[in-house]
Number of protein chains: 2
Amino acid sequence: MARITLVEDDLEIRRLVADALAAEGHDVETAATAMNGLELAIRNDPALVIMDLGLPDLDGNELLRMIRAVSSVPVMVITARGADDVVVRTLDAGADDYLIKPFSVAQLLARVRAVLRRGGLAEGTDRIVVGGLVIDISAREAALEGTSLDLSPKEFDLLRALAERQGEVVTKRDLLAEVWREPYGGSERTVDVHLSWLRKKLGETASDPRYLKTIHGVGVKLVSPD
Amino acid sequence: MARITLVEDDLEIRRLVADALAAEGHDVETAATAMNGLELAIRNDPALVIMDLGLPDLDGNELLRMIRAVSSVPVMVITARGADDVVVRTLDAGADDYLIKPFSVAQLLARVRAVLRRGGLAEGTDRIVVGGLVIDISAREAALEGTSLDLSPKEFDLLRALAERQGEVVTKRDLLAEVWREPYGGSERTVDVHLSWLRKKLGETASDPRYLKTIHGVGVKLVSPD
DNA sequence: ACGGATCGTCAAGGTTCCCTCAAGGGGTAT
DNA sequence: ATACCCCTTGAGGGAACCTTGACGATCCGT
């Protein structure tokens, strides 16, 4: 059903939760440390991250903040710490749900379903329309004024990333993180080149853009032409 | 901030929650019965519904299903029933979160923030309006009387910095610190030049300002014209 | 009213950033 | 193995932008 990243250092709980999620049909990747969890959360593009707060190498809140810095993936926290101010601080740091150990597996699964359901509703659009541009997410196809565009994989991902935030200016660094999955390294020239190719296929030039407007010194945004 | 419908028959709890939400800046509509709650949830198009399960006229799960039949509004359940199968059943009926009484108001508010945050991510349009001037932060666009202004990066940042404190006089040194990121060095003449360009694009002159008023010897402020 | 300080505008210079072309390497299918 | 597609990287030219200095105008305190 969905790819889920589980970050939990306790072996017994990790097994318990992972097995339960797998039994629901989810694809579960586990990590025992914050750093491994962060790597999974970035690289695997999961639909949900479930994490413990008490990790051996890093405070859970640090991990949460690092995930939030590069992704808006839903995060569910499961932990033994039940103090009210910890709950509030964690939720305000960007967590979507907070479950206190010991918890029932049935309730955990129900909360996972609730979070996934809401996440799916928000981006339930399988098709994004920007002016005369139609982007079919599941088919990985894009069409301009009815005629299909022949886009390479990266070109499509780039266009989709921009379309998902149409009208907003997106920095190249964000695009490197989102499309290329390289939040730190990576050359911004690469983004430039792909943008150039996209523009060519969209039948526009950088000096006379219709859809892809670059904001000097900031980034680029996808807009619907006048 | 957001319109919230609260369905709760216990007067004391209703007051407590409604006051806390109002203190956060929300617009709260309350109902004591399921039927009244349903009516509010449909008619007022709230951003969130908070409901008790133990209502006098109808089982909470019935109400939840009726809301779900016509709306995808987020629903948070607060109730004294903590049995695990009830929690699971309620979440699977479409609830987004489940909080067991007695609960801390701080945690309730944090969970409300979490639910609203996720729901609002899709359409995060933050804009500042000053008279006939509309500044769209995420699109990095400014429009005067409906026609878009073509601003350079620094011009936009400068306008935004002033708009964020509209009506207040801001010193050039503060602007150098905020826009130019140079709290110590930097020439104030630079600010002057950019202000001049801004004024030109805003269609006004320094001697007859409409939006950008300079206070001699102090700084400049962005005001809405009479 | 006068002088010093502050502000407004212009033009030029230099810097930064962006776009595009072309070459090279990795992967995959034929 | 070869051919093809795709991605990455570097370099050059060009465009956009920012800064700076100068000069005139305006403002304020004396």
# chains A, B, ... in the order shown; residues from 1 in each chain; ligands from 1
>>> interface_residues(of="chain D", to="chain B", cutoff="10 Å", atoms="only C-alpha atoms (C1' of nucleotides)", output="list in words")
DA16, DC17, DC18, DT19, DT20, DT26, DC27 and DC28 of chain D
>>> interface_residues(of="chain B", to="chain A", cutoff="10 Å", atoms="only C-alpha atoms", output="VMD selection string")
chain B and resid 72 to 74 84 to 98 103 to 115 117 to 125 136 to 141 151 to 154
>>> write_last_selection(atoms="N, CA and C atoms", output="compact mmCIF listing (two decimals), in the first residue's frame")
# COMPACT_ATOMS: atom_id res chain seq x y z
N SER B 72 -15.07 16.48 3.50
CA SER B 72 -13.79 15.87 3.84
C SER B 72 -13.07 16.72 4.89
N VAL B 73 -13.83 17.54 5.62
CA VAL B 73 -13.24 18.39 6.65
C VAL B 73 -12.55 17.53 7.71
N PRO B 74 -11.39 17.96 8.19
CA PRO B 74 -10.75 17.21 9.28
C PRO B 74 -11.63 17.17 10.52
N ASP B 84 -9.95 0.52 23.39
CA ASP B 84 -9.15 0.47 22.19
C ASP B 84 -9.99 0.24 20.94
N ASP B 85 -10.99 -0.63 21.04
CA ASP B 85 -11.75 -0.91 19.83
C ASP B 85 -12.58 0.29 19.42
N VAL B 86 -12.98 1.12 20.40
CA VAL B 86 -13.73 2.34 20.06
C VAL B 86 -12.82 3.31 19.31
N VAL B 87 -11.60 3.45 19.81
CA VAL B 87 -10.65 4.35 19.15
C VAL B 87 -10.44 3.91 17.71
N VAL B 88 -10.17 2.62 17.54
CA VAL B 88 -9.92 2.10 16.20
C VAL B 88 -11.13 2.33 15.30
N ARG B 89 -12.30 2.01 15.81
CA ARG B 89 -13.50 2.14 14.99
C ARG B 89 -13.74 3.60 14.59
N THR B 90 -13.49 4.50 15.53
CA THR B 90 -13.73 5.91 15.25
C THR B 90 -12.73 6.45 14.22
N LEU B 91 -11.49 6.08 14.40
CA LEU B 91 -10.49 6.53 13.42
C LEU B 91 -10.81 5.98 12.03
N ASP B 92 -11.22 4.72 11.99
CA ASP B 92 -11.53 4.13 10.69
C ASP B 92 -12.81 4.68 10.10
N ALA B 93 -13.64 5.29 10.95
CA ALA B 93 -14.85 5.91 10.42
C ALA B 93 -14.54 7.27 9.79
N GLY B 94 -13.30 7.71 9.93
CA GLY B 94 -12.94 8.95 9.25
C GLY B 94 -12.38 10.04 10.14
N ALA B 95 -12.24 9.76 11.43
CA ALA B 95 -11.67 10.77 12.32
C ALA B 95 -10.18 10.94 12.03
N ASP B 96 -9.69 12.14 12.24
CA ASP B 96 -8.27 12.43 11.98
C ASP B 96 -7.42 12.35 13.23
N ASP B 97 -8.05 12.55 14.38
CA ASP B 97 -7.31 12.41 15.63
C ASP B 97 -8.30 12.06 16.72
N TYR B 98 -7.78 11.50 17.80
CA TYR B 98 -8.63 10.99 18.87
C TYR B 98 -7.95 11.32 20.19
N PHE B 103 -8.01 15.58 29.12
CA PHE B 103 -6.83 15.90 28.32
C PHE B 103 -6.30 17.27 28.73
N SER B 104 -5.09 17.54 28.41
CA SER B 104 -4.54 18.85 28.70
C SER B 104 -4.90 19.78 27.56
N VAL B 105 -5.27 20.99 27.91
CA VAL B 105 -5.65 21.96 26.89
C VAL B 105 -4.47 22.25 25.97
N ALA B 106 -3.27 22.28 26.54
CA ALA B 106 -2.09 22.57 25.72
C ALA B 106 -1.92 21.51 24.63
N GLN B 107 -2.13 20.26 25.01
CA GLN B 107 -1.96 19.21 24.01
C GLN B 107 -3.07 19.26 22.96
N LEU B 108 -4.28 19.57 23.41
CA LEU B 108 -5.38 19.72 22.44
C LEU B 108 -5.03 20.78 21.42
N LEU B 109 -4.55 21.90 21.90
CA LEU B 109 -4.21 22.99 20.99
C LEU B 109 -3.09 22.59 20.04
N ALA B 110 -2.12 21.87 20.56
CA ALA B 110 -1.01 21.43 19.71
C ALA B 110 -1.51 20.47 18.63
N ARG B 111 -2.43 19.60 19.01
CA ARG B 111 -2.97 18.66 18.02
C ARG B 111 -3.83 19.40 16.99
N VAL B 112 -4.54 20.40 17.44
CA VAL B 112 -5.31 21.22 16.50
C VAL B 112 -4.37 21.88 15.50
N ARG B 113 -3.28 22.42 16.02
CA ARG B 113 -2.31 23.05 15.13
C ARG B 113 -1.77 22.04 14.11
N ALA B 114 -1.50 20.83 14.60
CA ALA B 114 -0.94 19.80 13.70
C ALA B 114 -1.92 19.46 12.58
N VAL B 115 -3.19 19.29 12.95
CA VAL B 115 -4.19 18.93 11.94
C VAL B 115 -4.39 20.08 10.96
N ARG B 117 -2.29 22.44 10.27
CA ARG B 117 -1.07 22.62 9.50
C ARG B 117 -1.10 21.70 8.29
N ARG B 118 -1.43 20.43 8.50
CA ARG B 118 -1.41 19.49 7.38
C ARG B 118 -2.49 19.81 6.37
N GLY B 119 -3.64 20.22 6.85
CA GLY B 119 -4.70 20.56 5.91
C GLY B 119 -4.39 21.80 5.11
N GLY B 120 -3.71 22.72 5.74
CA GLY B 120 -3.49 24.01 5.08
C GLY B 120 -2.28 24.04 4.17
N LEU B 121 -1.45 22.99 4.25
CA LEU B 121 -0.23 22.99 3.46
C LEU B 121 -0.53 23.10 1.97
N ALA B 122 -1.65 22.56 1.54
CA ALA B 122 -1.94 22.52 0.11
C ALA B 122 -2.11 23.91 -0.48
N GLU B 123 -2.71 24.81 0.25
CA GLU B 123 -3.02 26.10 -0.34
C GLU B 123 -2.36 27.25 0.42
N GLY B 124 -1.14 27.04 0.86
CA GLY B 124 -0.47 28.08 1.64
C GLY B 124 -0.17 29.33 0.82
N THR B 125 -1.08 30.25 0.82
CA THR B 125 -0.87 31.49 0.10
C THR B 125 -0.75 32.62 1.10
N ASP B 136 2.62 39.07 -2.73
CA ASP B 136 2.53 37.61 -2.59
C ASP B 136 3.92 37.08 -2.27
N ILE B 137 4.11 36.62 -1.02
CA ILE B 137 5.43 36.24 -0.56
C ILE B 137 5.97 35.02 -1.32
N SER B 138 5.18 33.95 -1.36
CA SER B 138 5.71 32.71 -1.94
C SER B 138 5.92 32.83 -3.44
N ALA B 139 5.12 33.64 -4.11
CA ALA B 139 5.32 33.83 -5.55
C ALA B 139 6.32 34.93 -5.83
N ARG B 140 6.71 35.64 -4.79
CA ARG B 140 7.62 36.78 -4.96
C ARG B 140 7.10 37.73 -6.02
N GLU B 141 5.83 38.08 -5.87
CA GLU B 141 5.20 38.97 -6.83
C GLU B 141 4.51 40.09 -6.08
N LEU B 151 9.60 43.65 -10.15
CA LEU B 151 10.58 44.08 -9.16
C LEU B 151 11.82 43.20 -9.20
N SER B 152 12.97 43.81 -8.98
CA SER B 152 14.20 43.05 -8.85
C SER B 152 14.23 42.39 -7.47
N PRO B 153 15.08 41.40 -7.27
CA PRO B 153 15.13 40.69 -5.98
C PRO B 153 15.23 41.63 -4.79
N LYS B 154 16.20 42.52 -4.81
CA LYS B 154 16.36 43.40 -3.66
C LYS B 154 15.16 44.32 -3.49
>>> atom_distance(atom1="CA of Ala22 in chain A", atom2="CA of Ile42 in chain A")
20.7 Å
>>> interface_residues(of="chain C", to="chain A", cutoff="12 Å", atoms="only C-alpha atoms (C1' of nucleotides)", output="ChimeraX atom specification")
/C:16-21
>>> residues_around(residues="Ala177 in chain B", least_positions_apart="5", cutoff="12 Å", atoms="only C-alpha atoms (C1' of nucleotides)", output="PyMOL selection string")
chain B and resi 157-158+161+170-172+182-188+191
>>> write_last_selection(atoms="N, CA and C atoms", output="JSON list (two decimals), in the first residue's frame")
[["chain", "number", "residue", "atom", "x", "y", "z"],
["B", 157, "ASP", "N", 12.52, 42.25, -1.77],
["B", 157, "ASP", "CA", 12.84, 42.02, -0.36],
["B", 157, "ASP", "C", 12.65, 43.28, 0.46],
["B", 158, "LEU", "N", 13.05, 44.39, -0.13],
["B", 158, "LEU", "CA", 12.89, 45.67, 0.57],
["B", 158, "LEU", "C", 11.41, 45.98, 0.80],
["B", 161, "ALA", "N", 10.06, 43.66, 3.47],
["B", 161, "ALA", "CA", 10.50, 44.03, 4.81],
["B", 161, "ALA", "C", 9.69, 45.20, 5.36],
["B", 170, "VAL", "N", 10.98, 52.38, 9.72],
["B", 170, "VAL", "CA", 12.11, 51.46, 9.78],
["B", 170, "VAL", "C", 13.37, 52.23, 9.39],
["B", 171, "THR", "N", 14.42, 52.06, 10.19],
["B", 171, "THR", "CA", 15.65, 52.77, 9.87],
["B", 171, "THR", "C", 16.38, 52.06, 8.74],
["B", 172, "LYS", "N", 17.20, 52.80, 8.04],
["B", 172, "LYS", "CA", 17.95, 52.19, 6.94],
["B", 172, "LYS", "C", 18.92, 51.14, 7.47],
["B", 182, "GLU", "N", 23.66, 42.79, 6.22],
["B", 182, "GLU", "CA", 24.91, 43.41, 6.63],
["B", 182, "GLU", "C", 24.64, 44.36, 7.79],
["B", 183, "PRO", "N", 24.62, 43.80, 9.01],
["B", 183, "PRO", "CA", 24.20, 44.61, 10.15],
["B", 183, "PRO", "C", 25.16, 45.75, 10.47],
["B", 184, "TYR", "N", 26.42, 45.65, 9.98],
["B", 184, "TYR", "CA", 27.38, 46.69, 10.35],
["B", 184, "TYR", "C", 27.78, 47.54, 9.15],
["B", 185, "GLY", "N", 28.45, 46.92, 8.17],
["B", 185, "GLY", "CA", 28.87, 47.69, 7.01],
["B", 185, "GLY", "C", 27.68, 48.06, 6.14],
["B", 186, "GLY", "N", 28.00, 48.39, 4.93],
["B", 186, "GLY", "CA", 26.93, 48.72, 3.99],
["B", 186, "GLY", "C", 26.62, 50.19, 3.96],
["B", 187, "SER", "N", 26.39, 50.69, 2.78],
["B", 187, "SER", "CA", 26.11, 52.11, 2.64],
["B", 187, "SER", "C", 24.61, 52.39, 2.63],
["B", 188, "GLU", "N", 24.21, 53.38, 3.35],
["B", 188, "GLU", "CA", 22.79, 53.70, 3.38],
["B", 188, "GLU", "C", 22.32, 54.29, 2.05],
["B", 191, "VAL", "N", 20.35, 51.84, 0.05],
["B", 191, "VAL", "CA", 18.93, 51.77, 0.38],
["B", 191, "VAL", "C", 18.17, 52.88, -0.34]]
>>> atom_distance(atom1="CA of Lys201 in chain B", atom2="CA of Leu149 in chain B")
6.9 Å
>>> residues_around(residues="DA3 in chain D", least_positions_apart="5", cutoff="12 Å", atoms="only C-alpha atoms (C1' of nucleotides)", output="PDB file with C-alpha atoms (C1' of nucleotides), in the first residue's frame")
ATOM      1  C1'  DT C  28      20.287  -0.362 -20.866  1.00  0.00           C
ATOM      2  C1'  DA C  29      18.439  -2.644 -24.774  1.00  0.00           C
ATOM      3  C1'  DT C  30      19.434  -4.557 -29.236  1.00  0.00           C
TER       4       DT C  30
END
>>> select_by_dssp(residues="range 56-158 of chain B", states="strand (DSSP E)", output="PyMOL selection string")
chain B and resi 75-79+97-100+127-130+133-136+141-144+147-149
